[in-house]
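Below: the structure, in structure tokens.
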Amino acid sequence: MTVQGMNHFTSGALHPLMTPAHVLVLLSLGLCVGQHPPLRLKIPLSVFAVVSGMALGWTMTGDIAGVHQAILAGVALVAGASVAVGSPLPMWAKATLCGAGALAIGLDSGADSGTGLAVVSTLLGTWFALILCVLNGAHYVSLAAEKDKQWIHIGIRVAGSWIVAISLLVVAFALRKQGR
Amino acid sequence: MNPKVAFPRSHLSCLLALGLLLLMSHTASAHSEAGNVGGFVSGFRHPLTGLDHIVAMVAVGLWGAYLGAPAMWLLPVVFPVVMAFGGALGVLGVPLPGVEKCIALSGILLGLAVGVAARPKIWIAAVLVGFFAIFHGHAHGTELPSSANPITYAIGFVVATGLLHLSGIAFGLLVRWPWGRVAVRAAGFAIALIGFGFLFDLIKA
């Protein structure tokens with residue numbers, strides 16, 4: 001996952017943004033956590049930070065080669081569906097979704113090669129970027145949702161339905177590939 | 001006072017920059033279905049390549065706008081999800097009978113619904129739209145190239161479909177004015193005619 005010409009931390013930070021499957025999951029989590037203001041980030045973001053940190057650390061053992069795209073799409077599908085339906089999720093469900101997303105993305109973001117310091121620096125960059133993405137997503141969605149404009153709420157739900165549609169197709173693609 | 005208005009310098013700069021950008025384009029990336037960008041472009045173009053699909057998507061948006069809230073936003077939320085379900089069936093090779101005929105029929109019925117300004121109950125409109133969405137999705141699903149990047153292809157595909165709905169809704173919002181109502185209903189009848197054309201071709205073949 002190293003990008004030529006960049007230091008390891010920046011390269012790691014850019015990794016989630018350059019992987020469409022990760023962007024999809026992060027976007028769906030941001031929408032899911034921030035859809036219904038007031039924004040309550042403490043539990044979901046703590047779970048996300050701890051689980052993603054542990055998962056990224058686990059990749060250093062070399063036991064994990066990556067995560068199947070269908071799993072990432074599955075997490076996005078559930079989070080996107082909750083956004084499209086529009087009814088608020090209980091806190092434990094948000095935290096579970098954040099944990100599942102963090103685990104899937106974290107295990108899929110292992111550093112390919114390099115010295116120990118380079119790998120740690122890369123993974124640290126990824127970890128910061130992941131947390132920032134969910135934090136930013138939830139914050140801005142919540143800010144938008146606070147406004148008393150119906151089209152914003154509709155837009156958020158349409159975005160959720162698009163995420164569900166994309167995830168469904170990705171799962172189907174993955175199943176077709178496996179069947180061959 | 002000079003009645004002539006000089007062409008603003010900033011506009012000239014923009015035009016020159018645009019021309020330069022056009023010169024910088026190259027052909028190689030236009031044919032690639034591989035990679036993230038290639039997958040997105042390929043997926044984005046797919047719903048835009050068949051007139052039978054385009055008119056039906058636009059008709060959904062038009063009808064939604066005609067029916068007003070909550071149908072206006074319910075249909076664009078329901079349609080992509082149900083269409084993706086049909087697409088998934090197509091990708092997995094699950095057979096569905098009469099796909100092409102149902103697609104042509106969707107143009108006829110949805111176009112007529114807009115043309116005659118039909119106002120059924122919301123659940124009837126949602127079921128009708130959802131039913132046809134499965135066939136549209138299935139047709140797209142069976143045609144998806146296996147070389148494309150799955151996730152960016154799916155993103156491009158869904159975004160293009162959604163934008164077709166939005167363009168239909170935007171056009172449909174003209175119903176607020178009397179002349180707009182005539183234009184929207186005329187568009188509905190035109191869509192129905194196109195649907196008839198496709199159905200006629202299918203029956204003749």
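Ordering of the structure tokens sets the chain letters (A, B, ...), residue numbers begin anew at 1 in every chain, and ligands are numbered from 1 in the order given.
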Within 9 Å of region 147-154 of chain A using only C-alpha atoms, minus same-chain residues under 6 positions, as a list of chain:residue names: A:Gln35, A:Ala84, A:Gly86, B:Trp73, B:Leu74, B:Val77
Please provide as a list in words all residues within 6 Å of region 36-51 of chain A, with the sequence filter that same-chain residues fewer than 2 positions apart are discarded (counting only C-alpha atoms).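 Those residues are Gly34, Gly53, Met54, Ala95, Cys98, Gly99, Ala102, Leu103 and Ser142 of chain A.
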Just the selected residues (N, CA and C atoms), exported as a PDB file, in the first residue's frame, please.
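The result, stored in result_35.pdb:
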ATOM      1  N   GLY A  34     -24.367   9.896  11.891  1.00  0.00           N
ATOM      2  CA  GLY A  34     -24.740  11.311  11.952  1.00  0.00           C
ATOM      3  C   GLY A  34     -26.134  11.652  11.484  1.00  0.00           C
ATOM      4  N   GLY A  53      -7.853  -0.076  15.541  1.00  0.00           N
ATOM      5  CA  GLY A  53      -6.470  -0.134  16.018  1.00  0.00           C
ATOM      6  C   GLY A  53      -6.015  -1.571  16.234  1.00  0.00           C
ATOM      7  N   MET A  54      -6.885  -2.364  16.866  1.00  0.00           N
ATOM      8  CA  MET A  54      -6.538  -3.773  17.119  1.00  0.00           C
ATOM      9  C   MET A  54      -6.403  -4.547  15.802  1.00  0.00           C
ATOM     10  N   ALA A  95     -22.900   1.051  17.417  1.00  0.00           N
ATOM     11  CA  ALA A  95     -21.576   0.638  17.894  1.00  0.00           C
ATOM     12  C   ALA A  95     -21.162  -0.686  17.239  1.00  0.00           C
ATOM     13  N   CYS A  98     -20.154   0.006  13.682  1.00  0.00           N
ATOM     14  CA  CYS A  98     -18.839   0.658  13.667  1.00  0.00           C
ATOM     15  C   CYS A  98     -17.737  -0.362  13.947  1.00  0.00           C
ATOM     16  N   GLY A  99     -18.006  -1.273  14.885  1.00  0.00           N
ATOM     17  CA  GLY A  99     -17.023  -2.310  15.198  1.00  0.00           C
ATOM     18  C   GLY A  99     -16.783  -3.228  14.009  1.00  0.00           C
ATOM     19  N   ALA A 102     -14.901  -1.312  11.322  1.00  0.00           N
ATOM     20  CA  ALA A 102     -13.510  -1.098  11.723  1.00  0.00           C
ATOM     21  C   ALA A 102     -12.704  -2.381  11.586  1.00  0.00           C
ATOM     22  N   LEU A 103     -13.309  -3.504  11.964  1.00  0.00           N
ATOM     23  CA  LEU A 103     -12.611  -4.792  11.868  1.00  0.00           C
ATOM     24  C   LEU A 103     -12.311  -5.137  10.411  1.00  0.00           C
ATOM     25  N   SER A 142     -24.508  15.217  10.368  1.00  0.00           N
ATOM     26  CA  SER A 142     -25.319  15.684  11.483  1.00  0.00           C
ATOM     27  C   SER A 142     -25.612  17.183  11.358  1.00  0.00           C
TER      28      SER A 142
END
Within 7 Å of chain A, which residues belong to chain B? Use only C-alpha atoms and report them as a PyMOL selection string. chain B and resi 73+76-77+80-81+84-85+87-88+91-92+150-152+154-155+158
Looking at only C-alpha atoms, which of B:Phe198, B:Phe79, B:Phe189, B:Tyr66 is the one that sits closest to Ile134 (chain B)?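 The closest residue to Ile134 (chain B) is B:Phe79.
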Please, which residues of region 81-164 of chain B, numbered as in this document, come out helix (DSSP H, G or I) from DSSP, as a VMD selection string? chain B and resid 81 to 91 99 to 115 122 to 143 150 to 164
Long-range neighbours of Leu124 (chain A) as a list in words, 7 Å cut-off, only C-alpha atoms, 4 positions minimum in chain: Phe9, Val120 and Phe128 of chain A
I need the residues from that last selection saved to file as a PDB file, in the first residue's frame (with N, CA, C and O atoms), if you can.
ATOM      1  N   PHE A   9       3.732   7.585   6.767  1.00  0.00           N
ATOM      2  CA  PHE A   9       2.527   8.004   7.493  1.00  0.00           C
ATOM      3  C   PHE A   9       1.470   8.534   6.509  1.00  0.00           C
ATOM      4  O   PHE A   9       0.306   8.124   6.540  1.00  0.00           O
ATOM      5  N   VAL A 120       4.807   0.387  11.107  1.00  0.00           N
ATOM      6  CA  VAL A 120       4.071   1.030  12.210  1.00  0.00           C
ATOM      7  C   VAL A 120       3.615   2.419  11.800  1.00  0.00           C
ATOM      8  O   VAL A 120       2.457   2.824  12.038  1.00  0.00           O
ATOM      9  N   PHE A 128      -5.288   6.942  11.884  1.00  0.00           N
ATOM     10  CA  PHE A 128      -5.732   8.340  12.037  1.00  0.00           C
ATOM     11  C   PHE A 128      -6.738   8.695  10.947  1.00  0.00           C
ATOM     12  O   PHE A 128      -7.763   9.321  11.209  1.00  0.00           O
TER      13      PHE A 128
END
Report as a ChimeraX atom specification all protein, DNA and RNA residues lying within 12 Å of Gly64 (chain B), evaluated on only C-alpha atoms, omitting residues in the same chain fewer than 2 positions from it. /B:57-62,66-79,110-111,113-114,117-120,122,125-126,129,165-173,175,184
